[in-house]
>>> print(open('final_3.pdb').read())   # PDB, C-alpha atoms and all ligand atoms
ATOM      1  CA  MET A   1     184.556 111.864 -39.710  1.00  0.00           C
ATOM      2  CA  GLU A   2     182.930 111.677 -43.108  1.00  0.00           C
ATOM      3  CA  ILE A   3     180.564 109.328 -44.882  1.00  0.00           C
ATOM      4  CA  THR A   4     183.520 107.744 -46.724  1.00  0.00           C
ATOM      5  CA  ASP A   5     184.866 106.680 -43.296  1.00  0.00           C
ATOM      6  CA  SER A   6     181.750 104.678 -42.470  1.00  0.00           C
ATOM      7  CA  ASN A   7     181.030 100.966 -42.455  1.00  0.00           C
ATOM      8  CA  ALA A   8     177.820  99.132 -43.378  1.00  0.00           C
ATOM      9  CA  LEU A   9     176.285 100.090 -40.009  1.00  0.00           C
ATOM     10  CA  GLY A  10     176.749 103.803 -40.680  1.00  0.00           C
ATOM     11  CA  LYS A  11     179.399 104.063 -37.944  1.00  0.00           C
ATOM     12  CA  VAL A  12     183.042 104.965 -38.476  1.00  0.00           C
ATOM     13  CA  HIS A  13     185.098 101.969 -39.613  1.00  0.00           C
ATOM     14  CA  GLY A  14     187.456 100.618 -36.930  1.00  0.00           C
ATOM     15  CA  GLY A  15     190.359 100.733 -39.363  1.00  0.00           C
ATOM     16  CA  VAL A  16     189.924 104.487 -39.802  1.00  0.00           C
ATOM     17  CA  VAL A  17     190.223 104.964 -36.044  1.00  0.00           C
ATOM     18  CA  MET A  18     193.211 102.592 -35.957  1.00  0.00           C
ATOM     19  CA  ARG A  19     194.984 104.670 -38.554  1.00  0.00           C
ATOM     20  CA  ALA A  20     194.539 107.799 -36.393  1.00  0.00           C
ATOM     21  CA  VAL A  21     195.797 105.817 -33.376  1.00  0.00           C
ATOM     22  CA  GLU A  22     198.944 104.642 -35.158  1.00  0.00           C
ATOM     23  CA  SER A  23     199.638 108.043 -36.602  1.00  0.00           C
ATOM     24  CA  ALA A  24     199.396 109.726 -33.171  1.00  0.00           C
ATOM     25  CA  ALA A  25     201.591 107.027 -31.585  1.00  0.00           C
ATOM     26  CA  GLY A  26     204.224 107.502 -34.302  1.00  0.00           C
ATOM     27  CA  THR A  27     204.246 111.253 -33.700  1.00  0.00           C
ATOM     28  CA  ALA A  28     204.570 110.906 -29.899  1.00  0.00           C
ATOM     29  CA  ALA A  29     207.386 108.352 -30.289  1.00  0.00           C
ATOM     30  CA  ALA A  30     209.229 110.445 -32.882  1.00  0.00           C
ATOM     31  CA  ARG A  31     209.001 113.549 -30.689  1.00  0.00           C
ATOM     32  CA  HIS A  32     210.437 111.659 -27.754  1.00  0.00           C
ATOM     33  CA  CYS A  33     213.272 110.069 -29.748  1.00  0.00           C
ATOM     34  CA  GLY A  34     213.973 112.675 -32.409  1.00  0.00           C
ATOM     35  CA  THR A  35     214.054 109.829 -34.940  1.00  0.00           C
ATOM     36  CA  VAL A  36     211.672 108.000 -37.236  1.00  0.00           C
ATOM     37  CA  CYS A  37     209.734 105.403 -35.246  1.00  0.00           C
ATOM     38  CA  VAL A  38     207.799 102.449 -36.642  1.00  0.00           C
ATOM     39  CA  THR A  39     205.093 100.299 -35.098  1.00  0.00           C
ATOM     40  CA  ALA A  40     206.364  96.849 -34.082  1.00  0.00           C
ATOM     41  CA  ALA A  41     203.163  95.666 -32.393  1.00  0.00           C
ATOM     42  CA  ILE A  42     199.881  96.746 -30.883  1.00  0.00           C
ATOM     43  CA  ASP A  43     199.486  95.407 -27.367  1.00  0.00           C
ATOM     44  CA  GLY A  44     195.758  95.839 -26.980  1.00  0.00           C
ATOM     45  CA  LEU A  45     193.261  98.076 -28.693  1.00  0.00           C
ATOM     46  CA  SER A  46     189.759  98.492 -27.278  1.00  0.00           C
ATOM     47  CA  PHE A  47     186.810 100.019 -29.079  1.00  0.00           C
ATOM     48  CA  LEU A  48     184.790 101.242 -26.110  1.00  0.00           C
ATOM     49  CA  GLU A  49     182.089 103.136 -28.017  1.00  0.00           C
ATOM     50  CA  PRO A  50     181.282 103.651 -31.708  1.00  0.00           C
ATOM     51  CA  VAL A  51     182.258 106.835 -33.538  1.00  0.00           C
ATOM     52  CA  ASP A  52     179.558 108.518 -35.624  1.00  0.00           C
ATOM     53  CA  VAL A  53     179.853 110.174 -39.008  1.00  0.00           C
ATOM     54  CA  GLY A  54     179.999 113.912 -38.180  1.00  0.00           C
ATOM     55  CA  ASP A  55     182.062 113.421 -35.016  1.00  0.00           C
ATOM     56  CA  ILE A  56     185.420 115.061 -34.610  1.00  0.00           C
ATOM     57  CA  LEU A  57     188.157 112.929 -33.077  1.00  0.00           C
ATOM     58  CA  ILE A  58     190.468 114.072 -30.295  1.00  0.00           C
ATOM     59  CA  VAL A  59     193.502 111.774 -30.282  1.00  0.00           C
ATOM     60  CA  GLN A  60     196.035 111.972 -27.456  1.00  0.00           C
ATOM     61  CA  ALA A  61     199.221 109.913 -27.356  1.00  0.00           C
ATOM     62  CA  ARG A  62     201.947 109.733 -24.724  1.00  0.00           C
ATOM     63  CA  VAL A  63     205.064 107.696 -24.125  1.00  0.00           C
ATOM     64  CA  ASN A  64     204.423 105.410 -21.151  1.00  0.00           C
ATOM     65  CA  ASP A  65     207.757 103.622 -20.917  1.00  0.00           C
ATOM     66  CA  VAL A  66     210.961 103.057 -22.853  1.00  0.00           C
ATOM     67  CA  GLY A  67     213.115  99.988 -23.419  1.00  0.00           C
ATOM     68  CA  ARG A  68     216.467  99.953 -25.210  1.00  0.00           C
ATOM     69  CA  THR A  69     215.289 100.707 -28.749  1.00  0.00           C
ATOM     70  CA  SER A  70     211.534 100.402 -28.248  1.00  0.00           C
ATOM     71  CA  LEU A  71     208.934 102.402 -26.410  1.00  0.00           C
ATOM     72  CA  GLU A  72     205.331 101.898 -25.395  1.00  0.00           C
ATOM     73  CA  VAL A  73     202.911 104.628 -26.399  1.00  0.00           C
ATOM     74  CA  GLY A  74     199.409 104.841 -24.953  1.00  0.00           C
ATOM     75  CA  VAL A  75     196.711 106.397 -27.122  1.00  0.00           C
ATOM     76  CA  LYS A  76     193.300 107.678 -26.044  1.00  0.00           C
ATOM     77  CA  VAL A  77     190.681 108.611 -28.632  1.00  0.00           C
ATOM     78  CA  GLU A  78     187.649 110.735 -27.787  1.00  0.00           C
ATOM     79  CA  ALA A  79     184.799 111.709 -30.115  1.00  0.00           C
ATOM     80  CA  GLU A  80     182.581 114.745 -30.011  1.00  0.00           C
ATOM     81  CA  PRO A  81     179.722 115.799 -32.347  1.00  0.00           C
ATOM     82  CA  TRP A  82     181.020 118.479 -34.753  1.00  0.00           C
ATOM     83  CA  HIS A  83     178.382 120.966 -33.514  1.00  0.00           C
ATOM     84  CA  GLY A  84     179.434 120.418 -29.894  1.00  0.00           C
ATOM     85  CA  GLY A  85     178.032 118.181 -27.209  1.00  0.00           C
ATOM     86  CA  GLN A  86     179.231 115.390 -25.044  1.00  0.00           C
ATOM     87  CA  ARG A  87     182.762 114.072 -25.544  1.00  0.00           C
ATOM     88  CA  ARG A  88     183.018 110.266 -25.319  1.00  0.00           C
ATOM     89  CA  HIS A  89     186.095 108.131 -24.704  1.00  0.00           C
ATOM     90  CA  THR A  90     185.802 105.716 -27.652  1.00  0.00           C
ATOM     91  CA  THR A  91     189.142 103.932 -28.036  1.00  0.00           C
ATOM     92  CA  SER A  92     192.244 103.024 -26.021  1.00  0.00           C
ATOM     93  CA  ALA A  93     195.397 101.395 -27.326  1.00  0.00           C
ATOM     94  CA  TYR A  94     198.992 100.562 -26.441  1.00  0.00           C
ATOM     95  CA  LEU A  95     201.551 100.448 -29.230  1.00  0.00           C
ATOM     96  CA  LEU A  96     205.134  99.203 -29.247  1.00  0.00           C
ATOM     97  CA  MET A  97     207.187 101.546 -31.384  1.00  0.00           C
ATOM     98  CA  VAL A  98     210.818 101.108 -32.432  1.00  0.00           C
ATOM     99  CA  SER A  99     213.210 103.990 -33.021  1.00  0.00           C
ATOM    100  CA  LEU A 100     215.227 103.695 -36.254  1.00  0.00           C
ATOM    101  CA  ASP A 101     218.527 105.264 -37.262  1.00  0.00           C
ATOM    102  CA  ALA A 102     219.258 106.713 -40.702  1.00  0.00           C
ATOM    103  CA  GLU A 103     219.995 103.199 -42.025  1.00  0.00           C
ATOM    104  CA  GLY A 104     216.659 101.892 -40.740  1.00  0.00           C
ATOM    105  CA  ARG A 105     218.187  99.913 -37.869  1.00  0.00           C
ATOM    106  CA  PRO A 106     216.771  99.943 -34.319  1.00  0.00           C
ATOM    107  CA  THR A 107     218.599 102.594 -32.300  1.00  0.00           C
ATOM    108  CA  LYS A 108     218.684 103.551 -28.612  1.00  0.00           C
ATOM    109  CA  VAL A 109     215.838 105.673 -27.276  1.00  0.00           C
ATOM    110  CA  PRO A 110     216.376 108.495 -24.773  1.00  0.00           C
ATOM    111  CA  PRO A 111     215.365 107.786 -21.160  1.00  0.00           C
ATOM    112  CA  LEU A 112     211.926 108.739 -19.896  1.00  0.00           C
ATOM    113  CA  HIS A 113     211.631 110.921 -16.799  1.00  0.00           C
ATOM    114  CA  PRO A 114     208.185 110.454 -15.274  1.00  0.00           C
ATOM    115  CA  GLU A 115     207.244 113.570 -13.343  1.00  0.00           C
ATOM    116  CA  THR A 116     203.815 113.015 -11.844  1.00  0.00           C
ATOM    117  CA  ALA A 117     202.166 110.176  -9.926  1.00  0.00           C
ATOM    118  CA  ASP A 118     200.092 109.536 -13.056  1.00  0.00           C
ATOM    119  CA  ASP A 119     203.245 109.269 -15.196  1.00  0.00           C
ATOM    120  CA  ARG A 120     204.706 106.744 -12.750  1.00  0.00           C
ATOM    121  CA  ARG A 121     201.471 104.716 -12.738  1.00  0.00           C
ATOM    122  CA  ARG A 122     201.492 104.584 -16.562  1.00  0.00           C
ATOM    123  CA  GLN A 123     205.109 103.459 -16.547  1.00  0.00           C
ATOM    124  CA  GLU A 124     204.405 100.718 -13.987  1.00  0.00           C
ATOM    125  CA  GLN A 125     201.413  99.509 -15.992  1.00  0.00           C
ATOM    126  CA  ALA A 126     203.498  99.468 -19.192  1.00  0.00           C
ATOM    127  CA  ARG A 127     206.066  97.297 -17.396  1.00  0.00           C
ATOM    128  CA  ILE A 128     203.331  94.904 -16.288  1.00  0.00           C
ATOM    129  CA  ARG A 129     202.171  94.626 -19.915  1.00  0.00           C
ATOM    130  CA  ARG A 130     205.749  93.841 -20.998  1.00  0.00           C
ATOM    131  CA  GLU A 131     206.016  91.111 -18.343  1.00  0.00           C
ATOM    132  CA  LEU A 132     202.688  89.669 -19.451  1.00  0.00           C
ATOM    133  CA  ARG A 133     203.820  89.666 -23.120  1.00  0.00           C
ATOM    134  CA  ASN A 134     206.953  87.765 -22.180  1.00  0.00           C
ATOM    135  CA  GLU A 135     204.993  85.309 -20.040  1.00  0.00           C
ATOM    136  CA  ARG A 136     202.529  84.741 -22.903  1.00  0.00           C
ATOM    137  CA  LEU A 137     205.398  84.037 -25.302  1.00  0.00           C
ATOM    138  CA  ARG A 138     207.095  81.724 -22.838  1.00  0.00           C
ATOM    139  CA  ARG A 139     203.920  79.676 -22.447  1.00  0.00           C
ATOM    140  CA  LEU A 140     203.048  79.597 -26.154  1.00  0.00           C
ATOM    141  CA  ASN A 141     206.604  78.801 -27.222  1.00  0.00           C
ATOM    142  CA  ALA A 142     206.607  75.810 -24.875  1.00  0.00           C
ATOM    143  CA  TYR A 143     204.390  74.166 -27.527  1.00  0.00           C
ATOM    144  CA  GLY A 144     206.719  75.106 -30.388  1.00  0.00           C
ATOM    145  CA  ASN A 145     205.933  77.937 -32.754  1.00  0.00           C
ATOM    146  CA  ASP A 146     205.974  76.434 -36.241  1.00  0.00           C
ATOM    147  CA  ASP A 147     202.405  77.340 -37.097  1.00  0.00           C
ATOM    148  CA  THR A 148     201.668  80.246 -34.760  1.00  0.00           C
ATOM    149  CA  PRO A 149     200.901  83.742 -36.032  1.00  0.00           C
ATOM    150  CA  ALA A 150     203.833  86.088 -36.535  1.00  0.00           C
ATOM    151  CA  ASP A 151     203.515  87.924 -33.226  1.00  0.00           C
ATOM    152  CA  ASP A 152     203.959  84.677 -31.328  1.00  0.00           C
ATOM    153  CA  ASN A 153     207.160  84.027 -33.245  1.00  0.00           C
ATOM    154  CA  TRP A 154     208.634  87.191 -31.799  1.00  0.00           C
ATOM    155  CA  ARG A 155     211.365  86.174 -29.316  1.00  0.00           C
ATOM    156  CA  GLY A 156     210.611  88.770 -26.647  1.00  0.00           C
ATOM    157  CA  ASP A 157     213.087  89.937 -24.031  1.00  0.00           C
ATOM    158  CA  ASP A 158     213.811  86.434 -22.836  1.00  0.00           C
ATOM    159  CA  GLY A 159     214.458  85.176 -26.347  1.00  0.00           C
ATOM    160  CA  ARG A 160     217.018  87.917 -26.779  1.00  0.00           C
ATOM    161  CA  HIS A 161     218.698  87.101 -23.458  1.00  0.00           C
ATOM    162  CA  ASP A 162     218.635  83.352 -24.098  1.00  0.00           C
ATOM    163  CA  GLU A 163     220.213  83.890 -27.496  1.00  0.00           C
ATOM    164  CA  ALA A 164     222.866  86.219 -26.026  1.00  0.00           C
ATOM    165  CA  ALA A 165     223.640  83.599 -23.365  1.00  0.00           C
ATOM    166  CA  ALA A 166     223.897  80.873 -26.029  1.00  0.00           C
ATOM    167  CA  ASP A 167     226.247  83.069 -28.093  1.00  0.00           C
ATOM    168  CA  ALA A 168     228.407  83.738 -25.047  1.00  0.00           C
ATOM    169  CA  SER A 169     228.559  80.044 -24.185  1.00  0.00           C
ATOM    170  CA  ARG A 170     229.438  79.160 -27.831  1.00  0.00           C
ATOM    171  CA  ARG A 171     232.240  81.748 -27.737  1.00  0.00           C
ATOM    172  CA  ALA A 172     233.431  80.454 -24.369  1.00  0.00           C
ATOM    173  CA  GLY A 173     233.493  76.889 -25.335  1.00  0.00           C
TER     174      GLY A 173
HETATM  175  C1  LIG B   1     209.953  96.765 -35.801  1.00  0.00           C
HETATM  176  C2  LIG B   1     211.255  96.298 -36.430  1.00  0.00           C
HETATM  177  C3  LIG B   1     212.122  97.506 -36.812  1.00  0.00           C
HETATM  178  C4  LIG B   1     211.992  95.454 -35.363  1.00  0.00           C
HETATM  179  O1  LIG B   1     213.133  94.947 -35.990  1.00  0.00           O
HETATM  180  P1  LIG B   1     213.954  93.750 -35.305  1.00  0.00           P
HETATM  181  O2  LIG B   1     215.077  93.403 -36.189  1.00  0.00           O
HETATM  182  O3  LIG B   1     213.002  92.688 -34.863  1.00  0.00           O
HETATM  183  O4  LIG B   1     214.561  94.491 -34.074  1.00  0.00           O
HETATM  184  P2  LIG B   1     214.999  93.913 -32.691  1.00  0.00           P
HETATM  185  O5  LIG B   1     214.833  92.427 -32.555  1.00  0.00           O
HETATM  186  O6  LIG B   1     216.360  94.509 -32.429  1.00  0.00           O
HETATM  187  O7  LIG B   1     213.952  94.600 -31.684  1.00  0.00           O
HETATM  188  C5  LIG B   1     213.954  95.999 -31.496  1.00  0.00           C
HETATM  189  C6  LIG B   1     213.082  96.334 -30.314  1.00  0.00           C
HETATM  190  O8  LIG B   1     211.727  96.101 -30.690  1.00  0.00           O
HETATM  191  C7  LIG B   1     211.104  95.221 -29.769  1.00  0.00           C
HETATM  192  N1  LIG B   1     210.160  94.405 -30.553  1.00  0.00           N
HETATM  193  C8  LIG B   1     210.365  93.862 -31.773  1.00  0.00           C
HETATM  194  N2  LIG B   1     209.265  93.198 -32.162  1.00  0.00           N
HETATM  195  C9  LIG B   1     208.357  93.321 -31.171  1.00  0.00           C
HETATM  196  C10 LIG B   1     207.015  92.853 -30.971  1.00  0.00           C
HETATM  197  N3  LIG B   1     206.371  92.103 -31.883  1.00  0.00           N
HETATM  198  N4  LIG B   1     206.375  93.182 -29.837  1.00  0.00           N
HETATM  199  C11 LIG B   1     206.981  93.944 -28.899  1.00  0.00           C
HETATM  200  N5  LIG B   1     208.246  94.437 -29.019  1.00  0.00           N
HETATM  201  C12 LIG B   1     208.915  94.112 -30.147  1.00  0.00           C
HETATM  202  C13 LIG B   1     212.249  94.400 -29.169  1.00  0.00           C
HETATM  203  O9  LIG B   1     211.923  93.899 -27.888  1.00  0.00           O
HETATM  204  C14 LIG B   1     213.325  95.469 -29.070  1.00  0.00           C
HETATM  205  O10 LIG B   1     213.053  96.287 -27.945  1.00  0.00           O
HETATM  206  P3  LIG B   1     214.227  96.814 -26.956  1.00  0.00           P
HETATM  207  O11 LIG B   1     215.408  97.223 -27.805  1.00  0.00           O
HETATM  208  O12 LIG B   1     213.610  97.996 -26.272  1.00  0.00           O
HETATM  209  O13 LIG B   1     214.550  95.696 -26.033  1.00  0.00           O
HETATM  210  C15 LIG B   1     211.020  95.404 -37.701  1.00  0.00           C
HETATM  211  O14 LIG B   1     210.356  94.212 -37.300  1.00  0.00           O
HETATM  212  C16 LIG B   1     210.190  96.135 -38.732  1.00  0.00           C
HETATM  213  O15 LIG B   1     210.716  96.936 -39.493  1.00  0.00           O
HETATM  214  N6  LIG B   1     208.873  95.840 -38.777  1.00  0.00           N
HETATM  215  C17 LIG B   1     207.967  96.518 -39.703  1.00  0.00           C
HETATM  216  C18 LIG B   1     207.523  97.868 -39.120  1.00  0.00           C
HETATM  217  C19 LIG B   1     206.364  98.436 -39.902  1.00  0.00           C
HETATM  218  O16 LIG B   1     206.359  98.376 -41.108  1.00  0.00           O
HETATM  219  N7  LIG B   1     205.376  98.981 -39.163  1.00  0.00           N
HETATM  220  C20 LIG B   1     204.163  99.476 -39.766  1.00  0.00           C
HETATM  221  C21 LIG B   1     204.298 100.845 -40.357  1.00  0.00           C
HETATM  222  S1  LIG B   1     205.043 102.030 -39.266  1.00  0.00           S
END
>>> encode(input="final_3.pdb", output="structure tokens", more="lines below")
Ligand SMILES: CC(C)(COP(=O)(O)OP(=O)(O)OC[C@H]1O[C@@H](n2cnc3c(N)ncnc32)[C@H](O)[C@@H]1OP(=O)(O)O)[C@@H](O)C(=O)NCCC(=O)NCCS
Amino acid sequence: MEITDSNALGKVHGGVVMRAVESAAGTAAARHCGTVCVTAAIDGLSFLEPVDVGDILIVQARVNDVGRTSLEVGVKVEAEPWHGGQRRHTTSAYLLMVSLDAEGRPTKVPPLHPETADDRRRQEQARIRRELRNERLRRLNAYGNDDTPADDNWRGDDGRHDEAAADASRRAG
């Protein structure tokens, strides 16, 4: 990290780290899908420790779980002084990426085959986060969503299913 990456406190700006996080997530998603993948949402990003000018960043990203056209990617960022020394876990994040076809439309993602106990734990935790997102939306949408931020206007899984059910009932009747 260089001086141009720093904020007024002399530490690396959070946005610089976020860019590295998103870039790594996009690469992991694209490698899994073999397609271009874009970020739909970030479901949690924690700055655990500051990054110093002069640190090198080690950014690791892995696919935790897949949906139909989306996938959750977990990213871990560590920092280490350029001349060596202790490596610190500085940032963790979970990103929802969407696989796009050549026309830029969401397209199906290949299945994920967790191999280790750790892989299965990550997948389970990703599913818990998805349930919590849907529960959050359900509760917020109960108040109406005219003036809520964009992420709360997202329909979520249930919105999709409700809409599909409404379509089916319109067609039926
Ligand atoms: C992401 C994007 C392609 C989704 O398009 P869309 O028309 O809403 O697509 P859909 O409603 O079919 O949703 C596609 C998938 O994304 C998921 N999704 C969409 N918005 C989401 C959100 N805010 N949070 C979590 N998941 C989301 C849906 O659940 C669905 O997943 P599934 O197929 O696995 O069930 C579109 O919103 C977009 O292009 N956004 C801008 C992306 C961007 O510029 N990112 C920054 C630079 S990479």
>>> residues_around(input="final_3.pdb", residues="Gly156 in chain A", least_positions_apart="5", cutoff="8 Å", atoms="all atoms listed in the file", output="JSON, numbers by chain")
{"A": [133, 134, 137]}
>>> residues_near_ligand(input="final_3.pdb", ligand="ligand LIG 1 (chain B)", cutoff="7 Å", atoms="all atoms listed in the file", output="NGL selection string")
:A and (38-41 or 66-71 or 96 or 98 or 100 or 105-106 or 151 or 154 or 156-157)
>>> resolve_selection(input="final_3.pdb", expression="the PyMOL selection byres (((chain A and resi 14) around 10) and not hetatm)", output="list of chain:residue names")
A:Asp5, A:Ser6, A:Asn7, A:Lys11, A:Val12, A:His13, A:Gly15, A:Val16, A:Val17, A:Met18, A:Arg19, A:Phe47, A:Pro50, A:Val51, A:Thr91
>>> closest_residue(input="final_3.pdb", among="A:Glu22, A:Glu72, A:Asp119, A:Asp52", to="Arg87 in chain A", atoms="all atoms listed in the file")
A:Asp52
>>> residues_around(input="final_3.pdb", residues="Ser92 in chain A", least_positions_apart="3", cutoff="8 Å", atoms="all atoms listed in the file", output="PyMOL selection string")
chain A and resi 45-48+74-77
>>> closest_residue(input="final_3.pdb", among="A:Glu103, A:Asp55, A:Glu78, A:Asp65", to="Ala126 in chain A", atoms="only C-alpha atoms")
A:Asp65
>>> atom_distance(input="final_3.pdb", atom1="CA of Arg136 in chain A", atom2="CA of Val63 in chain A")
23.1 Å
>>> atom_distance(input="final_3.pdb", atom1="CA of Arg31 in chain A", atom2="CA of Asp118 in chain A")
20.2 Å
>>> resolve_selection(input="final_3.pdb", expression="the PyMOL selection byres (((chain A and resi 113) around 12) and not hetatm)", output="mmCIF file with C-alpha atoms, in the frame of the given file")
data_model
loop_
_atom_site.group_PDB
_atom_site.id
_atom_site.type_symbol
_atom_site.label_atom_id
_atom_site.label_comp_id
_atom_site.auth_asym_id
_atom_site.auth_seq_id
_atom_site.Cartn_x
_atom_site.Cartn_y
_atom_site.Cartn_z
ATOM 1 C CA HIS A 32 210.437 111.659 -27.754
ATOM 2 C CA VAL A 63 205.064 107.696 -24.125
ATOM 3 C CA ASN A 64 204.423 105.410 -21.151
ATOM 4 C CA ASP A 65 207.757 103.622 -20.917
ATOM 5 C CA VAL A 66 210.961 103.057 -22.853
ATOM 6 C CA PRO A 110 216.376 108.495 -24.773
ATOM 7 C CA PRO A 111 215.365 107.786 -21.160
ATOM 8 C CA LEU A 112 211.926 108.739 -19.896
ATOM 9 C CA PRO A 114 208.185 110.454 -15.274
ATOM 10 C CA GLU A 115 207.244 113.570 -13.343
ATOM 11 C CA THR A 116 203.815 113.015 -11.844
ATOM 12 C CA ALA A 117 202.166 110.176 -9.926
ATOM 13 C CA ASP A 119 203.245 109.269 -15.196
ATOM 14 C CA ARG A 120 204.706 106.744 -12.750
ATOM 15 C CA ARG A 122 201.492 104.584 -16.562
ATOM 16 C CA GLN A 123 205.109 103.459 -16.547
#
>>> atom_distance(input="final_3.pdb", atom1="CA of Leu57 in chain A", atom2="CA of Pro81 in chain A")
8.9 Å
>>> closest_residue(input="final_3.pdb", among="A:Gly54, A:Gly104, A:Gly85, A:Gly44", to="Val21 in chain A", atoms="all atoms listed in the file")
A:Gly44
>>> closest_residue(input="final_3.pdb", among="A:Ala20, A:Leu95, A:Leu9, A:Ala142", to="Arg62 in chain A", atoms="only C-alpha atoms")
A:Leu95
>>> closest_residue(input="final_3.pdb", among="A:Gly26, A:Tyr143, A:Ala102, A:Val53", to="Ile3 in chain A", atoms="only C-alpha atoms")
A:Val53
>>> axis_aligned_box(input="final_3.pdb", around="range 33-46 of chain A", padding_each_side="3 Å", output="lines of an AutoDock Vina configuration file")
center_x = 201.9
center_y = 104.0
center_z = -32.1
size_x = 30.3
size_y = 23.3
size_z = 16.3
>>> build_atoms(input="final_3.pdb", residues="range 31-50 of chain A", atoms="N, CA and C atoms", output="PDB file, in the frame of the given file")
ATOM      1  N   ARG A  31     208.674 112.337 -31.457  1.00  0.00           N
ATOM      2  CA  ARG A  31     209.001 113.549 -30.689  1.00  0.00           C
ATOM      3  C   ARG A  31     209.872 113.204 -29.494  1.00  0.00           C
ATOM      4  N   HIS A  32     209.614 112.050 -28.902  1.00  0.00           N
ATOM      5  CA  HIS A  32     210.437 111.659 -27.754  1.00  0.00           C
ATOM      6  C   HIS A  32     211.863 111.318 -28.207  1.00  0.00           C
ATOM      7  N   CYS A  33     211.966 110.600 -29.327  1.00  0.00           N
ATOM      8  CA  CYS A  33     213.272 110.069 -29.748  1.00  0.00           C
ATOM      9  C   CYS A  33     214.030 111.017 -30.678  1.00  0.00           C
ATOM     10  N   GLY A  34     213.315 111.853 -31.391  1.00  0.00           N
ATOM     11  CA  GLY A  34     213.973 112.675 -32.409  1.00  0.00           C
ATOM     12  C   GLY A  34     214.386 111.854 -33.615  1.00  0.00           C
ATOM     13  N   THR A  35     213.754 110.710 -33.806  1.00  0.00           N
ATOM     14  CA  THR A  35     214.054 109.829 -34.940  1.00  0.00           C
ATOM     15  C   THR A  35     212.736 109.356 -35.549  1.00  0.00           C
ATOM     16  N   VAL A  36     212.848 108.672 -36.678  1.00  0.00           N
ATOM     17  CA  VAL A  36     211.672 108.000 -37.236  1.00  0.00           C
ATOM     18  C   VAL A  36     211.371 106.794 -36.354  1.00  0.00           C
ATOM     19  N   CYS A  37     210.116 106.568 -36.052  1.00  0.00           N
ATOM     20  CA  CYS A  37     209.734 105.403 -35.246  1.00  0.00           C
ATOM     21  C   CYS A  37     208.658 104.619 -35.990  1.00  0.00           C
ATOM     22  N   VAL A  38     208.799 103.288 -35.977  1.00  0.00           N
ATOM     23  CA  VAL A  38     207.799 102.449 -36.642  1.00  0.00           C
ATOM     24  C   VAL A  38     207.067 101.607 -35.600  1.00  0.00           C
ATOM     25  N   THR A  39     205.899 101.138 -35.989  1.00  0.00           N
ATOM     26  CA  THR A  39     205.093 100.299 -35.098  1.00  0.00           C
ATOM     27  C   THR A  39     205.569  98.860 -35.216  1.00  0.00           C
ATOM     28  N   ALA A  40     205.984  98.267 -34.089  1.00  0.00           N
ATOM     29  CA  ALA A  40     206.364  96.849 -34.082  1.00  0.00           C
ATOM     30  C   ALA A  40     205.160  95.989 -33.741  1.00  0.00           C
ATOM     31  N   ALA A  41     204.307  96.470 -32.838  1.00  0.00           N
ATOM     32  CA  ALA A  41     203.163  95.666 -32.393  1.00  0.00           C
ATOM     33  C   ALA A  41     202.143  96.565 -31.704  1.00  0.00           C
ATOM     34  N   ILE A  42     200.933  96.075 -31.662  1.00  0.00           N
ATOM     35  CA  ILE A  42     199.881  96.746 -30.883  1.00  0.00           C
ATOM     36  C   ILE A  42     199.522  95.793 -29.744  1.00  0.00           C
ATOM     37  N   ASP A  43     199.728  96.275 -28.524  1.00  0.00           N
ATOM     38  CA  ASP A  43     199.486  95.407 -27.367  1.00  0.00           C
ATOM     39  C   ASP A  43     198.143  95.793 -26.742  1.00  0.00           C
ATOM     40  N   GLY A  44     197.093  95.542 -27.497  1.00  0.00           N
ATOM     41  CA  GLY A  44     195.758  95.839 -26.980  1.00  0.00           C
ATOM     42  C   GLY A  44     195.180  97.089 -27.597  1.00  0.00           C
ATOM     43  N   LEU A  45     193.991  96.933 -28.148  1.00  0.00           N
ATOM     44  CA  LEU A  45     193.261  98.076 -28.693  1.00  0.00           C
ATOM     45  C   LEU A  45     191.795  97.802 -28.402  1.00  0.00           C
ATOM     46  N   SER A  46     191.158  98.710 -27.665  1.00  0.00           N
ATOM     47  CA  SER A  46     189.759  98.492 -27.278  1.00  0.00           C
ATOM     48  C   SER A  46     188.877  99.561 -27.894  1.00  0.00           C
ATOM     49  N   PHE A  47     187.834  99.093 -28.579  1.00  0.00           N
ATOM     50  CA  PHE A  47     186.810 100.019 -29.079  1.00  0.00           C
ATOM     51  C   PHE A  47     185.724 100.075 -28.009  1.00  0.00           C
ATOM     52  N   LEU A  48     185.690 101.156 -27.272  1.00  0.00           N
ATOM     53  CA  LEU A  48     184.790 101.242 -26.110  1.00  0.00           C
ATOM     54  C   LEU A  48     183.402 101.721 -26.514  1.00  0.00           C
ATOM     55  N   GLU A  49     183.373 102.612 -27.516  1.00  0.00           N
ATOM     56  CA  GLU A  49     182.089 103.136 -28.017  1.00  0.00           C
ATOM     57  C   GLU A  49     182.251 103.423 -29.506  1.00  0.00           C
ATOM     58  N   PRO A  50     181.157 103.326 -30.279  1.00  0.00           N
ATOM     59  CA  PRO A  50     181.282 103.651 -31.708  1.00  0.00           C
ATOM     60  C   PRO A  50     181.495 105.146 -31.941  1.00  0.00           C
TER      61      PRO A  50
END
